[in-house]
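Chemist: Quick one, coords.cif (mmCIF, C-alpha atoms):
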data_data
loop_
_atom_site.label_atom_id
_atom_site.label_comp_id
_atom_site.auth_asym_id
_atom_site.auth_seq_id
_atom_site.Cartn_x
_atom_site.Cartn_y
_atom_site.Cartn_z
CA MET A 1 9.09 -11.04 59.44
CA GLY A 2 11.16 -9.56 56.58
CA LEU A 3 11.14 -12.92 54.84
CA VAL A 4 7.33 -13.12 55.01
CA GLY A 5 7.01 -9.56 53.67
CA GLY A 6 9.40 -10.41 50.85
CA LEU A 7 7.44 -13.53 49.93
CA ILE A 8 4.15 -11.62 49.96
CA GLY A 9 5.68 -8.88 47.79
CA PHE A 10 7.04 -11.47 45.38
CA ALA A 11 3.68 -13.24 45.16
CA VAL A 12 1.76 -10.01 44.63
CA GLY A 13 4.21 -8.82 41.96
CA GLN A 14 3.88 -11.97 39.85
CA PRO A 15 1.50 -11.80 36.91
CA THR A 16 -1.66 -13.80 37.24
CA PRO A 17 -2.15 -16.57 34.72
CA THR A 18 -4.49 -14.26 32.81
CA GLU A 19 -1.94 -11.43 32.76
CA ALA A 20 0.77 -13.87 31.64
CA GLY A 21 -1.47 -15.06 28.80
CA ILE A 22 -2.09 -11.48 27.69
CA VAL A 23 1.65 -10.76 27.70
CA GLN A 24 2.31 -13.88 25.62
CA MET A 25 -0.48 -12.97 23.21
CA ARG A 26 0.91 -9.45 22.76
CA GLU A 27 4.40 -10.83 22.12
CA ALA A 28 3.05 -13.31 19.56
CA ASN A 29 1.06 -10.56 17.84
CA ALA A 30 4.13 -8.32 17.72
CA LYS A 31 6.23 -11.10 16.14
CA ARG A 32 3.49 -11.85 13.62
CA ASP A 33 3.17 -8.15 12.83
CA VAL A 34 6.90 -7.80 12.15
CA GLN A 35 6.61 -10.61 9.59
CA GLN A 36 3.62 -8.89 8.01
CA ILE A 37 5.53 -5.59 7.92
CA ILE A 38 8.45 -7.28 6.15
CA GLN A 39 6.13 -8.94 3.61
CA LEU A 40 4.11 -5.76 3.07
CA THR A 41 7.27 -3.71 2.53
CA GLU A 42 8.56 -6.18 -0.06
CA MET A 43 5.19 -6.24 -1.79
CA ALA A 44 5.06 -2.42 -1.77
CA ARG A 45 8.50 -2.20 -3.40
CA GLU A 46 7.47 -4.60 -6.17
CA THR A 47 4.05 -2.99 -6.59
CA GLY A 48 5.47 0.52 -6.68
CA GLY A 49 7.97 -0.56 -9.30
CA GLN A 50 5.11 -1.62 -11.57
CA LEU A 51 2.61 1.09 -10.63
CA SER A 52 4.85 4.13 -10.90
CA PRO A 53 5.69 3.87 -14.63
CA ILE A 54 2.02 3.40 -15.52
CA LEU A 55 0.87 6.43 -13.55
CA LEU A 56 3.73 8.49 -14.90
CA ALA A 57 2.94 7.48 -18.50
CA ILE A 58 -0.70 8.47 -18.04
CA LYS A 59 0.34 11.93 -16.87
CA GLN A 60 3.01 12.40 -19.52
CA ASP A 61 0.71 11.30 -22.34
CA SER A 62 -2.04 13.60 -21.13
CA ASP A 63 0.34 16.54 -20.65
CA ALA A 64 1.66 16.00 -24.20
CA GLY A 65 -1.84 15.62 -25.66
CA ARG A 66 -1.11 12.03 -26.71
CA THR A 67 -3.49 9.12 -26.54
CA PRO A 68 -1.74 5.85 -25.71
CA GLU A 69 -2.15 2.87 -27.99
CA ALA A 70 -5.00 0.51 -27.10
CA SER A 71 -2.56 -2.40 -26.81
CA GLN A 72 -0.53 -0.46 -24.23
CA VAL A 73 -3.63 0.39 -22.23
CA HIS A 74 -4.72 -3.26 -22.33
CA GLN A 75 -1.32 -4.26 -20.92
CA TRP A 76 -1.69 -1.65 -18.18
CA GLN A 77 -5.12 -3.03 -17.31
CA GLN A 78 -3.71 -6.54 -16.97
CA THR A 79 -0.93 -5.27 -14.72
CA MET A 80 -3.38 -3.30 -12.60
CA ARG A 81 -5.60 -6.38 -12.18
CA GLN A 82 -2.61 -8.33 -10.90
CA LEU A 83 -1.59 -5.52 -8.56
CA THR A 84 -5.12 -5.19 -7.22
CA GLU A 85 -5.57 -8.94 -6.74
CA GLN A 86 -2.55 -9.20 -4.46
CA PHE A 87 -4.50 -7.18 -1.89
CA ASP A 88 -7.41 -9.66 -1.87
CA ASN A 89 -7.88 -11.52 1.42
CA PRO A 90 -5.30 -9.60 3.45
CA PRO A 91 -4.10 -11.07 6.73
CA SER A 92 -5.32 -9.44 9.90
CA GLY A 93 -2.56 -7.45 11.48
CA MET A 94 -2.05 -4.76 14.03
CA THR A 95 -3.98 -1.55 13.36
CA ALA A 96 -0.99 0.44 12.06
CA THR A 97 -0.08 -2.34 9.62
CA ASN A 98 -3.69 -2.65 8.46
CA VAL A 99 -3.77 1.12 7.85
CA ALA A 100 -0.62 0.96 5.70
CA ARG A 101 -1.96 -2.01 3.73
CA GLY A 102 -5.34 -0.34 3.25
CA GLY A 103 -3.70 2.84 1.99
CA LEU A 104 -1.54 0.98 -0.50
CA ARG A 105 -4.57 -0.97 -1.67
CA SER A 106 -6.56 2.25 -2.13
CA ALA A 107 -3.72 3.76 -4.16
CA VAL A 108 -3.57 0.72 -6.43
CA GLU A 109 -7.34 0.73 -6.89
CA GLN A 110 -7.24 4.45 -7.75
CA GLY A 111 -4.47 3.69 -10.25
CA ALA A 112 -6.61 0.95 -11.79
CA LEU A 113 -9.46 3.44 -12.11
CA ALA A 114 -7.10 5.87 -13.87
CA VAL A 115 -6.11 3.15 -16.34
CA ASP A 116 -9.76 2.29 -16.95
CA SER A 117 -10.42 5.97 -17.66
CA VAL A 118 -7.61 5.96 -20.21
CA ALA A 119 -9.13 2.85 -21.79
CA LEU A 120 -12.44 4.69 -22.08
CA ALA A 121 -10.67 7.67 -23.66
CA VAL A 122 -8.95 5.46 -26.23
CA THR A 123 -12.30 4.26 -27.53
CA SER A 124 -14.04 7.66 -27.34
CA PRO A 125 -14.48 10.23 -30.09
CA ALA A 126 -11.63 12.73 -30.32
CA PRO A 127 -13.52 15.70 -28.81
CA ALA A 128 -14.17 13.83 -25.54
CA ARG A 129 -10.71 12.28 -25.33
CA LYS A 130 -8.88 15.32 -23.96
CA ASN A 131 -11.26 15.69 -21.00
CA GLN A 132 -11.21 11.96 -20.28
CA LEU A 133 -7.41 11.90 -20.32
CA ALA A 134 -7.36 14.92 -18.00
CA LEU A 135 -9.66 13.03 -15.63
CA ALA A 136 -7.39 9.97 -15.81
CA THR A 137 -4.42 12.18 -14.98
CA ARG A 138 -6.20 13.55 -11.90
CA GLN A 139 -6.93 9.97 -10.82
CA ALA A 140 -3.28 9.00 -11.38
CA VAL A 141 -2.12 11.95 -9.27
CA LEU A 142 -4.59 10.99 -6.51
CA ALA A 143 -3.27 7.43 -6.63
CA SER A 144 0.24 8.80 -6.19
CA VAL A 145 -0.78 11.01 -3.27
CA THR A 146 -2.63 8.14 -1.60
CA TRP A 147 0.42 5.94 -2.08
CA SER A 148 2.63 8.60 -0.49
CA ILE A 149 0.47 8.71 2.62
CA ALA A 150 0.46 4.92 2.88
CA ALA A 151 4.22 4.82 2.25
CA ALA A 152 4.76 7.21 5.16
CA GLN A 153 2.70 4.89 7.37
CA LEU A 154 4.68 1.90 6.11
CA ASP A 155 7.92 3.72 6.88
CA GLN A 156 6.72 4.46 10.41
CA ILE A 157 5.70 0.88 11.18
CA ASN A 158 9.08 -0.31 9.91
CA ILE A 159 10.78 2.14 12.27
CA ASP A 160 8.54 1.03 15.15
CA ALA A 161 9.40 -2.61 14.37
CA GLY A 162 13.12 -1.82 14.59
CA ARG A 163 13.73 -2.14 10.84
CA GLY A 164 14.69 1.48 10.23
CA HIS A 165 13.47 3.70 7.43
CA GLN A 166 11.98 1.88 4.46
CA HIS A 167 11.11 4.31 1.67
CA VAL A 168 8.73 3.03 -1.00
CA TYR A 169 7.62 6.23 -2.66
CA LEU A 170 6.54 6.57 -6.29
CA ALA A 171 7.98 8.86 -8.98
CA SER A 172 7.81 12.46 -7.86
CA ALA A 173 6.93 13.77 -11.36
CA LEU A 174 3.29 12.85 -10.74
CA ARG A 175 2.54 15.90 -8.62
#
Give the structure from this file in structure tokens form.
Modeler:
Amino acid sequence: MGLVGGLIGFAVGQPTPTEAGIVQMREANAKRDVQQIIQLTEMARETGGQLSPILLAIKQDSDAGRTPEASQVHQWQQTMRQLTEQFDNPPSGMTATNVARGGLRSAVEQGALAVDSVALAVTSPAPARKNQLALATRQAVLASVTWSIAAAQLDQINIDAGRGHQHVYLASALR
């Protein structure tokens, strides 16, 4: 009798084929997500390394009342196009990873808008320039804040994936 009860308990405790498929799918998604987290973290480090000096220069120039050279602004625009393009056609990941990627993308797009505002200021008459550069600075600061929020999310998904803290914050002088 005990043997029959044990066999019934064993049979009832086994996952159904559907449950087993769901478990396998979740495991595969988790493995795929870890790869995406690794790739996104590497991309964020490289992107932040290029984005931070641009945003910082916008703020410093504006604070000093300087207008950057048109050639410098053109170079910034090229860099921002490249940074923005890398977020085109993102892979589908787990929600937390998608949130981090979306936040980083939004920060880069806001940074690109700041650079475009500087480009507009460079070609504007002197009286309008100061206000346009102030607007660009506000956009650069917002890009930095958005990046910080996304970087915190990226840090958390790295922790959740067992990779420990991964800090990819921008220059703090932007606040």
Chemist: For a cut-off of 8 Å around (4.9, 2.8, -4.0), file coordinates, pick out all residues using all atoms listed in the file and list them as a VMD selection string.
Modeler: chain A and resid 44 to 45 47 to 49 51 to 52 104 144 147 to 148 151 168 to 170
Chemist: Output as JSON the centre and edge lengths (Å, one decimal) of the box along x, y and z of the file that holds every listed atom of stretch 129-136 of chain A after adding 8 Å on each side.
Modeler:
{"center_x": -9.3, "center_y": 12.8, "center_z": -20.5, "size_x": 19.9, "size_y": 21.7, "size_z": 25.7}
Chemist: Which is closest to A:Ala150 among A:Ile58, A:Ala100, A:Leu83, A:Val118, if we use all atoms listed in the file?
Modeler: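 Using all atoms listed in the file, the shortest distance to A:Ala150 belongs to A:Ala100.
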Chemist: I need the residue set behind the PyMOL selection byres ((chain A and resi 166) around 6) for this file; please write it as a VMD selection string.
Modeler: chain A and resid 155 165 167
Chemist: Identify the residues around (-2.2, -1.0, -8.6) within a radius of 6 Å, measuring from all atoms listed in the file in the coordinates stated by the file, and give them as number ranges by chain.
Modeler: A: 51, 80, 83-84, 108-109, 111-112
Chemist: Carefully work through the PyMOL selection byres ((chain A and resi 129) around 10) for this structure and note down the residues it includes, as a PyMOL selection string.
Modeler: chain A and resi 62+65-67+117-118+120-128+130-135
Chemist: Save out the residues we just selected, C-alpha atoms, as a compact mmCIF listing (two decimals), in the coordinates of the input.
Modeler:
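Now in part28.txt:
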# COMPACT_ATOMS: atom_id res chain seq x y z
CA SER A 62 -2.04 13.60 -21.13
CA GLY A 65 -1.84 15.62 -25.66
CA ARG A 66 -1.11 12.03 -26.71
CA THR A 67 -3.49 9.12 -26.54
CA SER A 117 -10.42 5.97 -17.66
CA VAL A 118 -7.61 5.96 -20.21
CA LEU A 120 -12.44 4.69 -22.08
CA ALA A 121 -10.67 7.67 -23.66
CA VAL A 122 -8.95 5.46 -26.23
CA THR A 123 -12.30 4.26 -27.53
CA SER A 124 -14.04 7.66 -27.34
CA PRO A 125 -14.48 10.23 -30.09
CA ALA A 126 -11.63 12.73 -30.32
CA PRO A 127 -13.52 15.70 -28.81
CA ALA A 128 -14.17 13.83 -25.54
CA LYS A 130 -8.88 15.32 -23.96
CA ASN A 131 -11.26 15.69 -21.00
CA GLN A 132 -11.21 11.96 -20.28
CA LEU A 133 -7.41 11.90 -20.32
CA ALA A 134 -7.36 14.92 -18.00
CA LEU A 135 -9.66 13.03 -15.63
Chemist: Which one of A:Ile37, A:Ala136, A:Ala64, A:Val141 sits closest to A:Gly162 if you count only C-alpha atoms?
Modeler: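 Using only C-alpha atoms, A:Gly162 sits closest to A:Ile37.
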Chemist: Which one of A:Leu40, A:Val115, A:Val73, A:Met94 sits closest to A:Arg138 if you count all atoms listed in the file?
Modeler: A:Val115
Chemist: For a quick check of understanding, using only C-alpha atoms, which of A:Gln39, A:Gln139, A:Thr97, A:Gln50 has the smallest distance to A:Gln75?
Modeler: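 Closest residue, counting only C-alpha atoms: A:Gln50.
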Chemist: From the options A:Thr95, A:Gln36, A:Gln60, A:Gln110, which residue's atoms come nearest to A:Arg81, counting all atoms listed in the file?
Modeler: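 Ranked by minimum distance to A:Arg81, first place goes to A:Gln110.
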Chemist: Rank nothing, just name the residue among A:Ile159, A:Trp76, A:Thr137, A:Arg105 nearest to A:Asn89, using only C-alpha atoms.
Modeler: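 With only C-alpha atoms as the atom set, the closest residue is A:Arg105.
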Chemist: Quick one: pull the distance between atom CA of A:Gln35 and atom CA of A:Ser92, Å, one decimal.
Modeler: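 Pair atom CA of A:Gln35 / atom CA of A:Ser92 returns 12.0 Å.
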Chemist: Please measure the separation of atom CA of A:Gln156 and atom CA of A:Phe87, giving the value in Å to one decimal.
Modeler: 20.3 Å
Chemist: So what do you get for atom CA of A:Ile157 versus atom CA of A:Val145, distance-wise?
Modeler: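 One can read the atom CA of A:Ile157 to atom CA of A:Val145 distance as 18.8 Å.
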Chemist: Skip A:Ala57 itself and residues of its chain fewer than 6 positions away, then list as a ChimeraX atom specification all residues within 10 Å of it, counting all atoms listed in the file.
Modeler: /A:63,68,137,140,174
